[in-house]
Structure formats: C-alpha cells, structure tokens
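Dropping upload29.csv in here (CSV, C-alpha atoms):
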```
chain,number,residue,atom,x,y,z
A,1344,MET,CA,39.1,254.1,82.4
A,1345,LEU,CA,35.8,252.2,82.3
A,1346,TYR,CA,35.4,252.6,86.1
A,1347,SER,CA,35.9,256.4,85.8
A,1348,ILE,CA,33.2,256.6,83.0
A,1349,ILE,CA,30.7,254.6,85.1
A,1350,ALA,CA,31.6,256.6,88.2
A,1351,THR,CA,30.9,259.8,86.3
A,1352,LEU,CA,27.6,258.4,85.1
A,1353,ASP,CA,26.8,257.4,88.7
A,1354,LYS,CA,27.2,261.0,89.8
A,1355,LYS,CA,24.6,262.1,87.2
A,1356,VAL,CA,22.1,259.3,87.4
A,1357,HIS,CA,22.7,257.7,90.8
A,1358,PHE,CA,22.9,254.0,90.3
A,1359,PRO,CA,21.1,251.8,92.8
A,1360,VAL,CA,23.2,250.4,95.7
A,1361,VAL,CA,23.5,246.7,96.5
A,1362,MET,CA,25.0,245.6,99.7
A,1363,ALA,CA,27.8,243.2,100.2
A,1364,HIS,CA,27.8,243.6,103.9
A,1365,CYS,CA,29.3,241.4,106.5
A,1366,ASP,CA,26.5,242.2,109.0
A,1367,ILE,CA,24.1,245.0,109.5
A,1368,ARG,CA,26.3,247.9,110.7
A,1369,CYS,CA,23.6,249.5,112.9
A,1370,LYS,CA,26.2,250.8,115.4
A,1371,ILE,CA,23.6,250.6,118.1
A,1372,TYR,CA,25.5,249.1,121.1
A,1373,ASP,CA,24.6,249.5,124.8
A,1374,PRO,CA,25.6,247.3,127.6
A,1375,ILE,CA,22.4,248.3,129.6
A,1376,ASN,CA,20.6,245.2,128.4
A,1377,ALA,CA,23.3,242.9,129.8
A,1378,GLN,CA,23.2,244.9,133.1
A,1379,ILE,CA,19.4,244.6,133.3
A,1380,SER,CA,19.7,240.9,132.7
A,1381,ALA,CA,22.3,240.5,135.4
A,1382,LEU,CA,20.0,242.4,137.8
A,1383,THR,CA,17.1,240.2,136.8
A,1384,ILE,CA,19.1,237.1,137.7
A,1385,ILE,CA,19.8,238.6,141.2
A,1386,ARG,CA,16.1,239.4,141.5
A,1387,MET,CA,15.1,235.9,140.4
A,1388,VAL,CA,17.5,234.4,143.0
A,1389,GLY,CA,15.8,236.6,145.6
A,1390,LEU,CA,12.4,235.4,144.7
A,1391,LEU,CA,13.5,231.7,144.5
A,1392,ASN,CA,15.0,232.1,148.0
A,1393,GLU,CA,11.6,233.3,149.2
A,1394,LEU,CA,10.1,230.1,147.9
A,1395,LYS,CA,12.8,228.1,149.5
A,1396,ALA,CA,11.8,229.5,152.9
A,1397,LYS,CA,8.3,228.1,152.6
A,1398,PRO,CA,7.7,224.8,154.4
A,1399,SER,CA,5.9,223.3,151.4
A,1400,LEU,CA,5.1,224.5,147.9
A,1401,SER,CA,1.5,224.7,146.6
A,1402,LEU,CA,0.8,224.1,143.0
A,1403,ASP,CA,0.9,227.8,142.3
A,1404,ASP,CA,4.3,228.0,144.1
A,1405,GLN,CA,5.6,225.2,141.9
A,1406,ALA,CA,4.4,227.0,138.8
A,1407,GLN,CA,6.1,230.2,140.1
A,1408,PHE,CA,9.3,228.2,140.7
A,1409,LEU,CA,9.4,227.1,137.1
A,1410,ARG,CA,8.8,230.6,135.8
A,1411,LEU,CA,11.5,232.0,138.0
A,1412,VAL,CA,14.0,229.4,137.0
A,1413,ASN,CA,13.1,229.9,133.3
A,1414,GLN,CA,13.6,233.6,133.6
A,1415,LYS,CA,16.9,233.1,135.4
A,1416,GLU,CA,18.1,230.8,132.5
A,1417,ASN,CA,16.9,233.2,129.8
A,1418,HIS,CA,18.6,236.2,131.3
A,1419,GLY,CA,21.8,234.3,131.8
A,1420,ALA,CA,21.8,233.5,128.1
A,1421,LYS,CA,20.9,237.1,127.3
A,1422,VAL,CA,23.9,238.4,129.2
A,1423,LYS,CA,26.1,236.2,127.1
A,1424,GLU,CA,24.5,237.2,123.9
A,1425,GLU,CA,24.5,241.0,124.6
A,1426,ILE,CA,28.1,241.0,125.8
A,1427,GLY,CA,29.1,238.7,122.9
A,1428,VAL,CA,27.6,241.0,120.3
A,1429,ILE,CA,29.4,244.1,121.7
A,1430,TRP,CA,32.6,242.2,122.1
A,1431,GLY,CA,32.4,240.7,118.6
A,1432,ASP,CA,31.0,243.6,116.6
A,1433,TYR,CA,32.1,246.8,118.4
A,1434,ILE,CA,35.3,246.0,120.2
A,1435,LYS,CA,38.2,246.4,117.8
A,1436,ALA,CA,42.0,246.5,118.1
A,1437,THR,CA,42.0,250.1,119.3
A,1438,GLN,CA,39.8,249.3,122.3
A,1439,LEU,CA,41.8,246.2,123.0
A,1440,THR,CA,45.0,248.1,123.1
A,1441,GLN,CA,43.5,250.6,125.5
A,1442,TYR,CA,41.9,247.9,127.7
A,1443,PRO,CA,43.9,244.7,127.3
A,1444,GLU,CA,41.8,243.1,130.1
A,1445,LEU,CA,38.8,243.0,127.7
A,1446,HIS,CA,39.2,239.4,126.4
A,1447,ALA,CA,39.7,238.0,129.9
A,1448,LEU,CA,36.8,240.0,131.2
A,1449,VAL,CA,34.4,238.8,128.5
A,1450,HIS,CA,35.5,235.2,129.1
A,1451,ASN,CA,34.9,235.7,132.8
A,1452,ILE,CA,31.5,237.1,132.2
A,1453,MET,CA,30.6,234.0,130.1
A,1454,LEU,CA,31.8,231.7,133.0
A,1455,ALA,CA,30.1,233.9,135.6
A,1456,SER,CA,26.9,233.8,133.6
A,1457,SER,CA,27.0,230.0,133.5
A,1458,GLN,CA,27.6,229.8,137.2
A,1459,ALA,CA,24.7,232.1,137.9
A,1460,LYS,CA,22.5,229.9,135.8
A,1461,GLN,CA,23.7,226.7,137.5
A,1462,HIS,CA,23.1,227.8,141.0
A,1463,ILE,CA,20.5,229.7,143.1
A,1464,SER,CA,23.2,231.9,144.6
A,1465,ARG,CA,23.0,235.6,145.2
A,1466,GLU,CA,26.8,235.6,145.5
A,1467,PHE,CA,27.3,234.2,142.0
A,1468,ALA,CA,24.7,236.5,140.5
A,1469,GLN,CA,26.3,239.6,142.1
A,1470,ALA,CA,29.7,238.5,140.9
A,1471,LEU,CA,28.2,238.5,137.4
A,1472,LEU,CA,26.7,242.0,137.8
A,1473,GLN,CA,30.1,243.3,139.0
A,1474,GLN,CA,31.8,242.1,135.9
A,1475,VAL,CA,29.1,243.3,133.6
A,1476,ASN,CA,29.4,246.7,135.3
A,1477,ARG,CA,33.1,246.7,134.7
A,1478,PHE,CA,32.5,245.9,131.0
A,1479,ALA,CA,29.9,248.8,130.8
A,1480,GLU,CA,32.5,251.1,132.4
A,1481,ILE,CA,35.1,250.2,129.8
A,1482,PHE,CA,32.5,250.4,127.0
A,1483,TRP,CA,31.5,253.9,127.9
A,1484,ALA,CA,35.1,255.0,128.4
A,1485,THR,CA,35.9,253.9,124.8
A,1486,LYS,CA,33.2,256.3,123.7
A,1487,GLN,CA,34.6,259.1,125.9
A,1488,VAL,CA,31.5,259.0,128.0
A,1489,THR,CA,32.0,259.4,131.8
A,1490,THR,CA,30.1,257.1,134.1
A,1491,PHE,CA,28.7,257.1,137.6
A,1492,THR,CA,27.6,254.4,140.0
A,1493,ALA,CA,24.1,254.5,141.4
A,1494,ILE,CA,21.7,252.1,143.1
A,1495,CYS,CA,19.1,251.0,140.6
A,1496,PRO,CA,15.7,252.4,141.6
A,1497,TYR,CA,14.0,249.0,141.7
A,1498,PRO,CA,14.6,245.6,143.2
A,1499,PRO,CA,17.2,244.1,143.6
A,1500,ALA,CA,18.6,247.7,144.4
A,1501,GLU,CA,22.1,246.9,143.4
A,1502,SER,CA,24.9,249.2,142.3
A,1503,VAL,CA,24.9,249.8,138.5
A,1504,ILE,CA,27.3,251.7,136.3
A,1505,TYR,CA,25.3,254.3,134.2
A,1506,PRO,CA,26.6,256.6,131.5
A,1507,ASN,CA,26.7,260.3,132.3
A,1508,LEU,CA,25.2,261.5,129.0
A,1509,GLN,CA,24.6,265.1,130.1
A,1510,ALA,CA,28.3,265.8,130.7
B,224,MET,CA,14.4,249.5,80.6
B,225,PHE,CA,17.5,248.5,78.6
B,226,GLY,CA,17.5,244.9,79.9
B,227,PHE,CA,20.5,245.7,82.0
B,228,HIS,CA,21.6,248.2,84.7
B,229,PHE,CA,24.5,249.2,86.8
B,230,CYS,CA,24.7,249.0,90.6
B,231,LYS,CA,27.3,250.3,93.1
B,232,VAL,CA,28.5,247.8,95.7
B,233,LYS,CA,28.8,248.7,99.3
B,234,GLY,CA,30.5,246.5,101.9
B,235,VAL,CA,33.4,244.0,101.8
B,236,SER,CA,31.7,240.6,102.0
B,237,MET,CA,32.3,239.9,98.3
B,238,SER,CA,35.9,241.0,98.2
B,239,PRO,CA,38.3,240.2,96.7
B,240,ARG,CA,36.0,239.2,93.8
B,241,ILE,CA,34.0,242.3,94.1
B,242,PRO,CA,35.9,245.0,96.1
B,243,GLU,CA,33.9,247.7,97.9
B,244,ASN,CA,32.7,250.6,95.8
B,245,SER,CA,32.9,248.5,92.6
B,246,TYR,CA,30.2,248.9,89.9
B,247,ILE,CA,28.5,245.8,88.7
B,248,PHE,CA,26.7,245.3,85.4
B,249,VAL,CA,23.5,243.4,86.1
B,250,VAL,CA,21.3,241.6,83.5
B,251,PRO,CA,17.9,240.7,85.0
B,252,TRP,CA,16.7,238.5,82.2
B,253,LEU,CA,19.7,236.1,82.4
B,254,LYS,CA,18.2,234.5,85.4
B,255,ILE,CA,15.8,232.6,83.2
B,256,PHE,CA,18.8,230.4,82.2
B,257,ASN,CA,20.3,227.8,84.4
B,258,LEU,CA,22.3,229.5,87.1
B,259,LYS,CA,25.6,227.8,87.9
B,260,GLU,CA,27.3,227.6,91.3
B,261,GLY,CA,29.6,230.6,91.6
B,262,SER,CA,27.4,232.9,89.6
B,263,LEU,CA,27.2,236.4,91.0
B,264,LEU,CA,23.6,237.4,91.7
B,265,LYS,CA,21.8,240.5,92.7
B,266,VAL,CA,19.1,239.4,95.0
B,267,PHE,CA,16.3,241.1,97.0
B,268,HIS,CA,16.6,239.5,100.4
B,269,PRO,CA,13.7,239.9,102.8
B,270,ARG,CA,16.0,240.7,105.7
B,271,TYR,CA,19.0,242.4,104.1
B,272,GLY,CA,17.4,244.2,101.2
B,273,PHE,CA,19.3,244.4,97.9
B,274,ILE,CA,22.4,242.4,98.1
B,275,VAL,CA,25.0,240.9,95.8
B,276,LYS,CA,26.1,237.4,96.6
B,277,SER,CA,27.6,234.3,95.0
B,278,LEU,CA,25.4,231.3,94.3
B,279,ALA,CA,26.5,228.5,96.6
B,280,GLN,CA,24.0,225.8,95.5
B,281,VAL,CA,20.5,225.1,94.3
B,282,ASP,CA,18.8,222.6,96.6
B,283,ARG,CA,16.4,219.9,95.6
B,284,ASN,CA,13.4,222.2,96.2
B,285,GLY,CA,14.8,224.7,93.6
B,286,LEU,CA,15.8,227.2,96.3
B,287,PHE,CA,19.0,229.2,95.9
B,288,TRP,CA,21.6,229.3,98.7
B,289,LEU,CA,23.9,232.3,98.7
B,290,LYS,CA,27.3,233.0,100.1
B,291,GLY,CA,29.8,235.8,100.4
B,292,HIS,CA,33.5,235.6,99.5
B,293,HIS,CA,35.0,237.3,102.5
B,294,LYS,CA,35.7,235.4,105.7
B,295,THR,CA,33.5,237.9,107.7
B,296,SER,CA,30.5,237.6,105.4
B,297,VAL,CA,27.1,236.7,106.7
B,298,PRO,CA,27.2,232.9,106.8
B,299,ILE,CA,25.2,230.9,104.3
B,300,GLU,CA,22.9,229.5,106.9
B,301,LYS,CA,22.1,233.0,108.2
B,302,LEU,CA,21.3,234.2,104.8
B,303,GLY,CA,19.0,231.3,104.2
B,304,PRO,CA,17.6,230.2,100.8
B,305,VAL,CA,15.8,232.5,98.4
B,306,GLY,CA,13.4,231.8,95.6
B,307,LYS,CA,14.0,232.6,91.9
B,308,SER,CA,11.6,235.5,92.0
B,309,GLN,CA,13.9,237.2,94.5
B,310,ILE,CA,16.8,237.1,92.1
B,311,GLN,CA,17.0,240.5,90.5
B,312,GLY,CA,19.6,239.6,87.9
B,313,LYS,CA,22.9,238.0,87.1
B,314,VAL,CA,26.1,240.0,87.4
B,315,LEU,CA,27.9,239.9,84.1
B,316,TRP,CA,30.8,242.2,84.7
B,317,VAL,CA,32.5,243.7,87.7
B,318,PHE,CA,34.3,247.1,87.5
B,319,PRO,CA,36.5,247.4,90.5
B,320,PRO,CA,37.8,250.8,91.7
B,321,LYS,CA,41.4,251.6,90.8
```

Kindly present the structure from the file in structure tokens form.
Amino acid sequence: MLYSIIATLDKKVHFPVVMAHCDIRCKIYDPINAQISALTIIRMVGLLNELKAKPSLSLDDQAQFLRLVNQKENHGAKVKEEIGVIWGDYIKATQLTQYPELHALVHNIMLASSQAKQHISREFAQALLQQVNRFAEIFWATKQVTTFTAICPYPPAESVIYPNLQA
Amino acid sequence: MFGFHFCKVKGVSMSPRIPENSYIFVVPWLKIFNLKEGSLLKVFHPRYGFIVKSLAQVDRNGLFWLKGHHKTSVPIEKLGPVGKSQIQGKVLWVFPPK
C-alpha cells in the first residue's frame, strides 16, 4: 500500500536514485588487452634474447635489461587481471554451460602467465598467447561475434584472434 | 526542503535488508547525532556516487567505514572510509517492493 503510493509519487516527481551496487556494471569487456599483454611478453622475451646474445652488457644494456624484465612482469600480471575480471564479472552460468572448459582454461592461463614471468622463454610466452587467444575466441562466441585469425601487424608478428565486427 | 526525502534504491548489495527497487526515507539532519554501527546511511562516495550502505564502524580518526549486506557487495576495504560531510542522511524507513 505505502510502496504503491510512494511509487506513484516517484512517477510524478522522480525521486533521486541511490546505488546499492555490487560493482560498477559498466559491461565493457574485451580480451584484447590480455592478448596485447601476451604479445608484449613475447616481444620482451625477444628483446631479452637479443641482449643475451651480446658478449657483455654495457651500463645502458643493463638498464635496458631491467626495463624489459619489468615490462614482462607487469604484462604477466596484467594478463591475469584482465582475464580474471572477464571471468569473474562477465562469465556466468550460461556461458559456463556452453563452454565447460572455461574454468580450466582460465586456471591454465594463470599458470601459463606465471611461467612466462618466471622464464625468459619464447615457448612459454607463446603457450600463454595461445590460451589467451582461445579465451578470446570463446568470449566473442558468447556474444555471437565471429572471429578470424590474423598475424598482428607489429612485432612479434604472432597469430591473434580478432572479432569480426563487420559481419 | 522538508528535512527529509525519498530515494529509490538500485542494485542488490543491500539485500535482503534493502531489496532492489525499494524506496528509502532519508533524513539528512539525523547525521548530527551519534551514528551507531548498523545504521543505514545515504552517502556521497567520491568513486561510486550516491550510495546506500550500512555503517560498519567509526574509526579512531572519526572516519566512517561502510559495508553492504549482500555477499557480492563491494568489500569494505574497497569502499574505504568517508568523512561525515559525505554522509547525506540517515535512512529511517525502508519500503521494499511487494
């Protein structure tokens, strides 16, 4: 009774809204950030290997080494964060029913990201990208967006899953 | 103007105490009195805008820590403390939808 009266009043005078949200539901999700971070790790490994090939490291080289390792670390953490947000905020029971591999895939991405951080290994970094690409493929499929594979037009020139947004 | 106002609640972080789409009766001037833990407050949060939360505790610096009631609510440490000036009023009554 009272609720109905207040609701009627609300229709006339529009009461202010207060939020009791669980999180900001911006609905902006895109795995591209995770994919770019995985690519960055591969690129950093490439540059680190170039340093490795030098007989000795100058002071500049040593500074460069630190910067490359830092970037590799940061992007490894970023992959985890970006995938974790999509997994935690976007993926719901519907998507899990459609793609039951999602939990295992996300867990594997976390492990692969740690491995890529721990080693200077192109193999580990590529394995990470491969799994992040699979995650992207599933993500876009849940939105009924088709995907295609293309070589990214910049180093490290690896295969990346892109959404076909014009279809 | 009248020393009170109504607000509509969006979101589920305060359910079951304040279910989504409830109306709340807010009295701004009641904040001048001692606010007890568990009081429902309308707050202007610098990050989240106008929110309704429950008072978790007042720390020794006089800052107010807020919490939601639902398990998926933004956690207390993420909300952070707010000053008294950010409190817009105390919720006196809740009118849940049928």

Report task. Find the residue from B:Ile274, B:Ser238, B:Gly226, B:Lys301 that sits nearest to B:Lys254; use only C-alpha atoms when measuring. Result -> B:Gly226

Query - Interface list for chain A, partner chain B, 12 Å threshold, all atoms listed in the file, as a ChimeraX atom specification - result: /A:1344-1354,1356-1368,1431-1432

Query raised in the report: Taking (25.8, 243.3, 132.4) in the file's coordinates, which residues come within 8 Å, counting all atoms listed in the file, written as a ChimeraX atom specification?
Result: /A:1374-1382,1422,1426,1471-1476,1478-1479

Requested in this report: Work out how far apart atom CA of B:Leu263 and atom CA of B:Leu278 are and give it in Å to one decimal.
Outcome: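 Distance reported for this atom pair: 6.3 Å.
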
Report summary line: One decimal place gives the atom CA of A:Arg1386-atom CA of A:Trp1483 separation as 25.1 Å

Query raised in the report: To one decimal place, how far is atom CA of B:Glu300 from atom CA of A:Met1453 in Å?
Result: 24.9 Å

Query raised in the report: Within 9 Å of B:Gly285, counting all atoms listed in the file, which residues qualify if same-chain residues fewer than 3 places away don't, as a list in words?
Result: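 These residues fall inside the cut-off: Val281, Asp282, Gly306 and Lys307 of chain B.
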
Requested in this report: Could you give me, as a VMD selection string, the residues within 10 Å of A:Thr1489, counting all atoms listed in the file and dropping anything in the same chain fewer than 2 positions from it?
Outcome: chain A and resid 1480 to 1481 1483 to 1487 1491 1505 to 1510
